[in-house]
$ cat my_file35.pdb   # PDB, C-alpha atoms, pLDDT in the B column
ATOM      1  CA  MET V 158     -59.674  -2.028  -6.126  1.00 65.00           C
ATOM      2  CA  THR V 159     -59.217  -5.597  -5.071  1.00 57.00           C
ATOM      3  CA  PRO V 160     -58.197  -8.187  -7.658  1.00 70.00           C
ATOM      4  CA  ASN V 161     -60.209 -10.907  -5.857  1.00 87.00           C
ATOM      5  CA  VAL V 162     -63.732  -9.583  -5.804  1.00 96.00           C
ATOM      6  CA  PRO V 163     -66.033 -10.965  -3.116  1.00 97.00           C
ATOM      7  CA  SER V 164     -69.408 -12.078  -4.416  1.00 96.00           C
ATOM      8  CA  PHE V 165     -72.523 -10.026  -3.829  1.00 97.00           C
ATOM      9  CA  ALA V 166     -73.929 -12.865  -1.718  1.00 97.00           C
ATOM     10  CA  GLU V 167     -70.819 -12.902   0.507  1.00 98.00           C
ATOM     11  CA  LEU V 168     -70.940  -9.143   0.969  1.00 98.00           C
ATOM     12  CA  LEU V 169     -74.646  -9.152   1.804  1.00 98.00           C
ATOM     13  CA  GLN V 170     -74.178 -12.040   4.240  1.00 98.00           C
ATOM     14  CA  GLY V 171     -71.394 -10.067   5.911  1.00 98.00           C
ATOM     15  CA  ALA V 172     -73.374  -6.831   6.144  1.00 98.00           C
ATOM     16  CA  GLN V 173     -74.328  -5.877   9.674  1.00 98.00           C
ATOM     17  CA  ARG V 174     -76.295  -2.640   9.211  1.00 98.00           C
ATOM     18  CA  SER V 175     -76.968  -1.683   5.614  1.00 98.00           C
ATOM     19  CA  ALA V 176     -76.728  -2.503   1.946  1.00 98.00           C
ATOM     20  CA  VAL V 177     -77.619   0.282  -0.466  1.00 98.00           C
ATOM     21  CA  HIS V 178     -77.781   0.094  -4.239  1.00 98.00           C
ATOM     22  CA  LEU V 179     -77.607   2.959  -6.723  1.00 98.00           C
ATOM     23  CA  GLU V 180     -78.735   2.220 -10.281  1.00 98.00           C
ATOM     24  CA  MET V 181     -78.135   4.830 -12.970  1.00 98.00           C
ATOM     25  CA  ARG V 182     -78.741   3.102 -16.296  1.00 96.00           C
ATOM     26  CA  ASP V 183     -81.839   3.153 -18.466  1.00 95.00           C
ATOM     27  CA  THR V 184     -81.401  -0.431 -19.645  1.00 92.00           C
ATOM     28  CA  TYR V 185     -79.949  -3.641 -18.261  1.00 88.00           C
ATOM     29  CA  ALA V 186     -80.773  -5.856 -21.203  1.00 73.00           C
ATOM     30  CA  GLY V 187     -77.824  -8.186 -20.718  1.00 57.00           C
ATOM     31  CA  GLN V 188     -79.022  -9.296 -17.270  1.00 56.00           C
ATOM     32  CA  ASP V 189     -82.533 -10.331 -18.149  1.00 63.00           C
ATOM     33  CA  SER V 190     -83.590 -13.963 -18.298  1.00 66.00           C
ATOM     34  CA  GLY V 191     -86.497 -13.500 -20.690  1.00 80.00           C
ATOM     35  CA  GLY V 192     -88.844 -11.600 -18.414  1.00 89.00           C
ATOM     36  CA  PHE V 193     -88.333  -8.340 -20.281  1.00 90.00           C
ATOM     37  CA  ALA V 194     -89.263  -9.909 -23.618  1.00 87.00           C
ATOM     38  CA  GLU V 195     -92.400 -11.346 -21.999  1.00 90.00           C
ATOM     39  CA  TYR V 196     -93.217  -7.934 -20.556  1.00 91.00           C
ATOM     40  CA  LEU V 197     -92.865  -6.307 -23.986  1.00 90.00           C
ATOM     41  CA  ARG V 198     -95.154  -8.962 -25.524  1.00 91.00           C
ATOM     42  CA  SER V 199     -97.818  -9.102 -22.841  1.00 95.00           C
ATOM     43  CA  GLY V 200     -97.278  -6.436 -20.183  1.00 94.00           C
ATOM     44  CA  TYR V 201     -96.747  -9.216 -17.608  1.00 95.00           C
ATOM     45  CA  ALA V 202     -94.015  -8.815 -14.976  1.00 95.00           C
ATOM     46  CA  ASN V 203     -93.536 -11.649 -12.484  1.00 95.00           C
ATOM     47  CA  THR V 204     -94.017 -10.091  -9.062  1.00 97.00           C
ATOM     48  CA  ASP V 205     -94.878 -13.363  -7.303  1.00 97.00           C
ATOM     49  CA  THR V 206     -92.086 -13.496  -4.742  1.00 97.00           C
ATOM     50  CA  THR V 207     -92.849 -17.169  -4.051  1.00 97.00           C
ATOM     51  CA  SER V 208     -92.072 -18.101  -7.671  1.00 96.00           C
ATOM     52  CA  PRO V 209     -88.767 -19.720  -8.711  1.00 93.00           C
ATOM     53  CA  HIS V 210     -87.850 -16.456 -10.505  1.00 90.00           C
ATOM     54  CA  TRP V 211     -87.444 -14.714  -7.138  1.00 95.00           C
ATOM     55  CA  SER V 212     -86.140 -17.637  -5.036  1.00 96.00           C
ATOM     56  CA  ARG V 213     -82.447 -16.679  -4.907  1.00 96.00           C
ATOM     57  CA  TRP V 214     -83.130 -12.992  -4.290  1.00 97.00           C
ATOM     58  CA  ARG V 215     -85.854 -13.808  -1.738  1.00 98.00           C
ATOM     59  CA  ALA V 216     -83.449 -16.024   0.220  1.00 98.00           C
ATOM     60  CA  MET V 217     -80.675 -13.412   0.279  1.00 98.00           C
ATOM     61  CA  VAL V 218     -82.939 -10.489   1.169  1.00 97.00           C
ATOM     62  CA  THR V 219     -84.858 -12.425   3.813  1.00 97.00           C
ATOM     63  CA  GLU V 220     -81.640 -13.587   5.456  1.00 98.00           C
ATOM     64  CA  ALA V 221     -80.366  -9.990   5.564  1.00 98.00           C
ATOM     65  CA  THR V 222     -83.580  -8.357   6.743  1.00 98.00           C
ATOM     66  CA  ASP V 223     -83.988 -11.043   9.423  1.00 98.00           C
ATOM     67  CA  ARG V 224     -80.654  -9.751  10.766  1.00 98.00           C
ATOM     68  CA  ASP V 225     -82.023  -6.160  10.666  1.00 98.00           C
ATOM     69  CA  VAL V 226     -79.860  -5.157   7.701  1.00 98.00           C
ATOM     70  CA  ALA V 227     -81.574  -2.236   5.961  1.00 98.00           C
ATOM     71  CA  LEU V 228     -81.758  -2.678   2.175  1.00 98.00           C
ATOM     72  CA  ARG V 229     -82.327   0.478   0.167  1.00 98.00           C
ATOM     73  CA  ARG V 230     -82.278   0.877  -3.603  1.00 98.00           C
ATOM     74  CA  ALA V 231     -82.326   4.162  -5.520  1.00 98.00           C
ATOM     75  CA  ARG V 232     -82.725   4.522  -9.261  1.00 98.00           C
ATOM     76  CA  ILE V 233     -81.836   7.540 -11.366  1.00 98.00           C
ATOM     77  CA  VAL V 234     -83.879   7.395 -14.561  1.00 98.00           C
ATOM     78  CA  SER V 235     -84.347   9.421 -17.708  1.00 98.00           C
ATOM     79  CA  GLU V 236     -87.876  10.674 -18.316  1.00 98.00           C
ATOM     80  CA  PRO V 237     -89.867   9.708 -20.167  1.00 98.00           C
ATOM     81  CA  VAL V 238     -88.657   6.293 -19.042  1.00 97.00           C
ATOM     82  CA  THR V 239     -87.469   3.517 -21.344  1.00 94.00           C
ATOM     83  CA  ASP V 240     -89.426   0.304 -21.755  1.00 92.00           C
ATOM     84  CA  TYR V 241     -86.852  -1.420 -19.572  1.00 92.00           C
ATOM     85  CA  ILE V 242     -87.363   1.049 -16.720  1.00 95.00           C
ATOM     86  CA  ARG V 243     -91.117   0.622 -17.115  1.00 95.00           C
ATOM     87  CA  TYR V 244     -90.506  -3.135 -16.686  1.00 94.00           C
ATOM     88  CA  GLU V 245     -88.273  -2.577 -13.647  1.00 95.00           C
ATOM     89  CA  HIS V 246     -90.920  -0.334 -12.126  1.00 97.00           C
ATOM     90  CA  ALA V 247     -93.503  -3.091 -12.564  1.00 97.00           C
ATOM     91  CA  LEU V 248     -91.160  -5.611 -10.892  1.00 96.00           C
ATOM     92  CA  THR V 249     -90.259  -3.332  -8.004  1.00 98.00           C
ATOM     93  CA  VAL V 250     -93.400  -4.184  -6.044  1.00 97.00           C
ATOM     94  CA  ALA V 251     -91.695  -7.539  -5.430  1.00 98.00           C
ATOM     95  CA  ASN V 252     -88.498  -5.885  -4.161  1.00 98.00           C
ATOM     96  CA  VAL V 253     -90.594  -3.846  -1.740  1.00 98.00           C
ATOM     97  CA  ASP V 254     -92.621  -6.885  -0.669  1.00 98.00           C
ATOM     98  CA  LEU V 255     -89.358  -8.672   0.163  1.00 98.00           C
ATOM     99  CA  GLY V 256     -88.214  -5.835   2.428  1.00 97.00           C
ATOM    100  CA  GLU V 257     -86.318  -3.365   0.282  1.00 98.00           C
ATOM    101  CA  GLU V 258     -87.055   0.338   0.321  1.00 98.00           C
ATOM    102  CA  VAL V 259     -86.922   1.794  -3.200  1.00 98.00           C
ATOM    103  CA  ARG V 260     -86.886   5.365  -4.474  1.00 99.00           C
ATOM    104  CA  TRP V 261     -86.797   6.865  -7.954  1.00 98.00           C
ATOM    105  CA  LEU V 262     -85.192  10.120  -9.099  1.00 98.00           C
ATOM    106  CA  SER V 263     -85.497  11.840 -12.442  1.00 98.00           C
ATOM    107  CA  ARG V 264     -82.090  12.295 -14.060  1.00 98.00           C
ATOM    108  CA  ARG V 265     -82.867  16.023 -14.358  1.00 98.00           C
ATOM    109  CA  GLN V 266     -83.053  16.245 -10.568  1.00 98.00           C
ATOM    110  CA  ALA V 267     -79.666  14.556 -10.185  1.00 98.00           C
ATOM    111  CA  CYS V 268     -77.634  17.133 -12.134  1.00 97.00           C
ATOM    112  CA  GLU V 269     -76.069  18.707  -9.051  1.00 97.00           C
ATOM    113  CA  ILE V 270     -75.101  15.426  -7.389  1.00 98.00           C
ATOM    114  CA  ALA V 271     -71.535  14.110  -7.666  1.00 98.00           C
ATOM    115  CA  LEU V 272     -72.021  10.546  -8.907  1.00 98.00           C
ATOM    116  CA  PRO V 273     -69.576   7.696  -9.512  1.00 98.00           C
ATOM    117  CA  GLY V 274     -69.317   6.382 -13.054  1.00 97.00           C
ATOM    118  CA  SER V 275     -70.940   3.002 -12.385  1.00 98.00           C
ATOM    119  CA  ASP V 276     -73.827   1.468 -10.492  1.00 98.00           C
ATOM    120  CA  PHE V 277     -72.823   0.149  -7.095  1.00 98.00           C
ATOM    121  CA  TRP V 278     -73.740  -1.581  -3.874  1.00 98.00           C
ATOM    122  CA  LEU V 279     -72.390  -0.037  -0.653  1.00 98.00           C
ATOM    123  CA  PHE V 280     -72.195  -2.326   2.384  1.00 98.00           C
ATOM    124  CA  ASP V 281     -72.122  -0.906   5.931  1.00 98.00           C
ATOM    125  CA  GLN V 282     -70.591   2.353   4.685  1.00 98.00           C
ATOM    126  CA  ALA V 283     -67.348   0.385   4.362  1.00 98.00           C
ATOM    127  CA  GLY V 284     -67.062  -1.410   1.016  1.00 98.00           C
ATOM    128  CA  VAL V 285     -68.277  -0.695  -2.514  1.00 98.00           C
ATOM    129  CA  LEU V 286     -69.088  -3.302  -5.150  1.00 98.00           C
ATOM    130  CA  PHE V 287     -69.234  -1.662  -8.588  1.00 98.00           C
ATOM    131  CA  ASN V 288     -71.265  -3.217 -11.423  1.00 97.00           C
ATOM    132  CA  HIS V 289     -69.864  -2.680 -14.933  1.00 96.00           C
ATOM    133  CA  PHE V 290     -71.957  -2.680 -18.110  1.00 93.00           C
ATOM    134  CA  THR V 291     -71.525  -2.041 -21.801  1.00 91.00           C
ATOM    135  CA  GLY V 292     -73.449   0.715 -23.560  1.00 89.00           C
ATOM    136  CA  ASP V 293     -76.310  -1.616 -24.447  1.00 85.00           C
ATOM    137  CA  GLY V 294     -76.727  -2.913 -20.903  1.00 87.00           C
ATOM    138  CA  ALA V 295     -74.805  -6.194 -21.154  1.00 86.00           C
ATOM    139  CA  TRP V 296     -72.252  -7.110 -18.512  1.00 88.00           C
ATOM    140  CA  ALA V 297     -68.747  -5.777 -19.227  1.00 92.00           C
ATOM    141  CA  GLU V 298     -65.590  -7.562 -18.146  1.00 93.00           C
ATOM    142  CA  PRO V 299     -64.699  -7.469 -15.408  1.00 95.00           C
ATOM    143  CA  ARG V 300     -68.326  -7.496 -14.289  1.00 94.00           C
ATOM    144  CA  LEU V 301     -67.536  -6.388 -10.764  1.00 97.00           C
ATOM    145  CA  THR V 302     -64.851  -4.491  -8.903  1.00 98.00           C
ATOM    146  CA  TYR V 303     -64.647  -3.992  -5.149  1.00 98.00           C
ATOM    147  CA  THR V 304     -62.979  -1.358  -3.008  1.00 98.00           C
ATOM    148  CA  GLU V 305     -62.780  -0.227   0.590  1.00 98.00           C
ATOM    149  CA  GLU V 306     -60.855   2.917  -0.376  1.00 98.00           C
ATOM    150  CA  PRO V 307     -62.176   5.575   2.055  1.00 98.00           C
ATOM    151  CA  ALA V 308     -62.499   8.336  -0.576  1.00 98.00           C
ATOM    152  CA  VAL V 309     -64.503   6.057  -2.888  1.00 98.00           C
ATOM    153  CA  VAL V 310     -66.702   4.879  -0.011  1.00 98.00           C
ATOM    154  CA  ARG V 311     -67.389   8.529   0.927  1.00 98.00           C
ATOM    155  CA  LEU V 312     -68.246   9.440  -2.693  1.00 98.00           C
ATOM    156  CA  CYS V 313     -70.646   6.526  -3.041  1.00 98.00           C
ATOM    157  CA  SER V 314     -72.236   7.130   0.348  1.00 98.00           C
ATOM    158  CA  SER V 315     -72.695  10.826  -0.359  1.00 98.00           C
ATOM    159  CA  ALA V 316     -74.097  10.141  -3.827  1.00 98.00           C
ATOM    160  CA  PHE V 317     -76.545   7.543  -2.581  1.00 98.00           C
ATOM    161  CA  GLU V 318     -77.791   9.668   0.317  1.00 98.00           C
ATOM    162  CA  ALA V 319     -78.267  12.712  -1.944  1.00 98.00           C
ATOM    163  CA  VAL V 320     -80.274  10.632  -4.425  1.00 98.00           C
ATOM    164  CA  TRP V 321     -82.247   9.041  -1.594  1.00 98.00           C
ATOM    165  CA  GLU V 322     -83.106  12.404  -0.056  1.00 98.00           C
ATOM    166  CA  ARG V 323     -84.443  13.716  -3.381  1.00 98.00           C
ATOM    167  CA  GLY V 324     -85.987  10.453  -4.563  1.00 98.00           C
ATOM    168  CA  VAL V 325     -89.664   9.581  -4.730  1.00 98.00           C
ATOM    169  CA  PRO V 326     -90.771   6.452  -2.843  1.00 98.00           C
ATOM    170  CA  HIS V 327     -91.721   3.628  -5.191  1.00 98.00           C
ATOM    171  CA  GLU V 328     -95.385   3.659  -4.230  1.00 98.00           C
ATOM    172  CA  LYS V 329     -95.627   7.333  -5.252  1.00 98.00           C
ATOM    173  CA  TYR V 330     -93.539   7.218  -8.440  1.00 98.00           C
ATOM    174  CA  THR V 331     -95.449   6.659 -11.658  1.00 97.00           C
ATOM    175  CA  VAL V 332     -94.134   5.797 -15.101  1.00 96.00           C
TER     176      VAL V 332
END
$ encode --input "my_file35.pdb" --output "structure tokens"
Amino acid sequence: MTPNVPSFAELLQGAQRSAVHLEMRDTYAGQDSGGFAEYLRSGYANTDTTSPHWSRWRAMVTEATDRDVALRRARIVSEPVTDYIRYEHALTVANVDLGEEVRWLSRRQACEIALPGSDFWLFDQAGVLFNHFTGDGAWAEPRLTYTEEPAVVRLCSSAFEAVWERGVPHEKYTV
């Protein structure tokens, strides 16, 4: 793993064909900017992709999809889902509207898949950016590690594709 980790934005800007993301946690509480608390209070999730909340993500995704980079996201979730996953599901319409493809897979259906220990982004089947979290969903230090180690790239690619193949498209997955 490289000591100098490229940023997600740099890696996405450098992607030529694909960027895939595998999420395997049931909570990401440490990353939220208040939207989750609002969702718990009111049931409201900001899916307006023109709002300031989505501006940075919108710019990155639009730039990538304009270059024909395919963005796919797969989520392995425990069922019944946590409140946080329910919130993520509500938000996901915005990810799809911006050009991502998203699928969901019940954790029970992932038992026979070899999975890495952390969530990751895989860019062009060549480099893996791992995201590291604590047990309660806060960022751990270091937050990110990056590798182009061929065996790790193969593991992550295989894991993602197996989850993707079994996953349910967002528009058909209910929580």
$ resolve_selection --input "my_file35.pdb" --expression "the PyMOL selection byres ((chain V and resi 301) around 6)" --output "JSON, numbers by chain"
{"V": [287, 288, 299, 300, 302]}
$ closest_residue --input "my_file35.pdb" --among "V:Ala295, V:Val226, V:Ala247, V:Leu179" --to "Leu197 (chain V)" --atoms "only C-alpha atoms"
V:Ala247
$ resolve_selection --input "my_file35.pdb" --expression "the PyMOL selection byres ((chain V and resi 306) around 10)" --output "number ranges by chain"
V: 158-159, 283-285, 303-305, 307-311
$ closest_residue --input "my_file35.pdb" --among "V:Thr239, V:Thr206, V:Ser314, V:Thr291" --to "Gly256 (chain V)" --atoms "only C-alpha atoms"
V:Thr206
$ resolve_selection --input "my_file35.pdb" --expression "the PyMOL selection byres ((chain V and resi 202) around 8)" --output "list in words"
Gly192, Phe193, Glu195, Tyr196, Gly200, Tyr201, Asn203, Thr204, Tyr244, Ala247 and Leu248 of chain V
$ write_last_selection --input "my_file35.pdb" --atoms "C-alpha atoms" --output "tab-separated table (two decimals), keeping the file's coordinate frame"
chain	number	residue	atom	x	y	z
V	192	GLY	CA	-88.84	-11.60	-18.41
V	193	PHE	CA	-88.33	-8.34	-20.28
V	195	GLU	CA	-92.40	-11.35	-22.00
V	196	TYR	CA	-93.22	-7.93	-20.56
V	200	GLY	CA	-97.28	-6.44	-20.18
V	201	TYR	CA	-96.75	-9.22	-17.61
V	203	ASN	CA	-93.54	-11.65	-12.48
V	204	THR	CA	-94.02	-10.09	-9.06
V	244	TYR	CA	-90.51	-3.14	-16.69
V	247	ALA	CA	-93.50	-3.09	-12.56
V	248	LEU	CA	-91.16	-5.61	-10.89
$ closest_residue --input "my_file35.pdb" --among "V:Ala297, V:Leu279, V:Val259, V:Cys268" --to "His327 (chain V)" --atoms "all atoms listed in the file"
V:Val259
$ atom_distance --input "my_file35.pdb" --atom1 "CA of Arg230 (chain V)" --atom2 "CA of Trp278 (chain V)"
8.9 Å
$ residues_around --input "my_file35.pdb" --residues "Arg264 (chain V)" --least-positions-apart "3" --cutoff "7 Å" --atoms "only C-alpha atoms" --output "list in words"
Ile233, Val234, Ser235, Ala267 and Cys268 of chain V
$ atom_distance --input "my_file35.pdb" --atom1 "CA of Glu180 (chain V)" --atom2 "CA of Ile242 (chain V)"
10.8 Å
$ decode --input "my_file35.pdb" --residues "region 267-280 of chain V" --atoms "all heavy atoms" --output "compact mmCIF listing (two decimals), in the first residue's frame"
# COMPACT_ATOMS: atom_id res chain seq x y z
N ALA V 267 -24.48 -12.87 0.45
CA ALA V 267 -23.06 -12.62 0.18
C ALA V 267 -22.15 -13.60 0.89
O ALA V 267 -20.92 -13.50 0.78
CB ALA V 267 -22.71 -11.20 0.60
N CYS V 268 -22.72 -14.57 1.59
CA CYS V 268 -21.92 -15.48 2.43
C CYS V 268 -20.85 -16.26 1.67
O CYS V 268 -19.82 -16.59 2.23
CB CYS V 268 -22.83 -16.46 3.17
SG CYS V 268 -23.84 -15.66 4.42
N GLU V 269 -21.09 -16.55 0.41
CA GLU V 269 -20.14 -17.37 -0.35
C GLU V 269 -19.19 -16.54 -1.21
O GLU V 269 -18.48 -17.08 -2.05
CB GLU V 269 -20.91 -18.38 -1.20
CG GLU V 269 -21.71 -19.35 -0.34
CD GLU V 269 -22.59 -20.28 -1.16
OE1 GLU V 269 -22.52 -20.22 -2.41
OE2 GLU V 269 -23.32 -21.06 -0.55
N ILE V 270 -19.17 -15.24 -0.99
CA ILE V 270 -18.31 -14.35 -1.76
C ILE V 270 -17.09 -13.99 -0.92
O ILE V 270 -17.22 -13.58 0.23
CB ILE V 270 -19.07 -13.06 -2.15
CG1 ILE V 270 -20.31 -13.38 -2.99
CG2 ILE V 270 -18.14 -12.11 -2.92
CD1 ILE V 270 -21.20 -12.18 -3.25
N ALA V 271 -15.90 -14.15 -1.50
CA ALA V 271 -14.67 -13.70 -0.83
C ALA V 271 -14.64 -12.17 -0.90
O ALA V 271 -14.66 -11.59 -1.99
CB ALA V 271 -13.45 -14.29 -1.51
N LEU V 272 -14.65 -11.54 0.27
CA LEU V 272 -14.72 -10.08 0.35
C LEU V 272 -13.50 -9.52 1.08
O LEU V 272 -13.04 -10.12 2.06
CB LEU V 272 -15.98 -9.65 1.12
CG LEU V 272 -17.32 -10.05 0.50
CD1 LEU V 272 -18.44 -9.87 1.49
CD2 LEU V 272 -17.56 -9.25 -0.77
N PRO V 273 -13.01 -8.36 0.65
CA PRO V 273 -11.94 -7.71 1.42
C PRO V 273 -12.52 -7.19 2.74
O PRO V 273 -13.73 -7.13 2.92
CB PRO V 273 -11.50 -6.56 0.51
CG PRO V 273 -12.68 -6.29 -0.35
CD PRO V 273 -13.41 -7.59 -0.51
N GLY V 274 -11.66 -6.81 3.65
CA GLY V 274 -12.09 -6.39 4.97
C GLY V 274 -12.63 -4.98 5.07
O GLY V 274 -13.16 -4.61 6.11
N SER V 275 -12.50 -4.19 4.03
CA SER V 275 -12.93 -2.79 4.07
C SER V 275 -13.65 -2.41 2.79
O SER V 275 -13.42 -3.00 1.73
CB SER V 275 -11.71 -1.86 4.22
OG SER V 275 -11.06 -2.08 5.44
N ASP V 276 -14.48 -1.39 2.90
CA ASP V 276 -15.10 -0.80 1.71
C ASP V 276 -13.99 -0.30 0.79
O ASP V 276 -12.89 0.04 1.25
CB ASP V 276 -15.95 0.41 2.09
CG ASP V 276 -17.19 0.06 2.89
OD1 ASP V 276 -17.37 -1.11 3.25
OD2 ASP V 276 -17.96 0.99 3.16
N PHE V 277 -14.31 -0.21 -0.50
CA PHE V 277 -13.28 0.25 -1.44
C PHE V 277 -13.89 0.86 -2.68
O PHE V 277 -15.05 0.62 -3.01
CB PHE V 277 -12.35 -0.89 -1.85
CG PHE V 277 -13.03 -2.00 -2.61
CD1 PHE V 277 -13.21 -1.91 -3.99
CD2 PHE V 277 -13.51 -3.12 -1.96
CE1 PHE V 277 -13.85 -2.93 -4.69
CE2 PHE V 277 -14.14 -4.14 -2.65
CZ PHE V 277 -14.32 -4.04 -4.02
N TRP V 278 -13.06 1.62 -3.38
CA TRP V 278 -13.28 2.06 -4.75
C TRP V 278 -12.21 1.38 -5.60
O TRP V 278 -11.04 1.36 -5.21
CB TRP V 278 -13.12 3.57 -4.88
CG TRP V 278 -14.31 4.36 -4.46
CD1 TRP V 278 -14.56 4.88 -3.22
CD2 TRP V 278 -15.41 4.74 -5.28
NE1 TRP V 278 -15.76 5.55 -3.22
CE2 TRP V 278 -16.30 5.49 -4.48
CE3 TRP V 278 -15.74 4.53 -6.63
CZ2 TRP V 278 -17.48 6.03 -4.98
CZ3 TRP V 278 -16.91 5.07 -7.12
CH2 TRP V 278 -17.77 5.79 -6.30
N LEU V 279 -12.60 0.85 -6.73
CA LEU V 279 -11.68 0.23 -7.69
C LEU V 279 -11.75 1.05 -8.98
O LEU V 279 -12.83 1.22 -9.54
CB LEU V 279 -12.07 -1.22 -7.94
CG LEU V 279 -11.34 -1.98 -9.04
CD1 LEU V 279 -9.84 -2.11 -8.74
CD2 LEU V 279 -11.98 -3.36 -9.23
N PHE V 280 -10.60 1.53 -9.44
CA PHE V 280 -10.53 2.39 -10.61
C PHE V 280 -9.88 1.65 -11.78
O PHE V 280 -8.74 1.17 -11.65
CB PHE V 280 -9.74 3.66 -10.31
CG PHE V 280 -10.35 4.47 -9.20
CD1 PHE V 280 -9.99 4.26 -7.88
CD2 PHE V 280 -11.32 5.42 -9.48
CE1 PHE V 280 -10.56 4.99 -6.85
CE2 PHE V 280 -11.91 6.16 -8.46
CZ PHE V 280 -11.54 5.94 -7.15
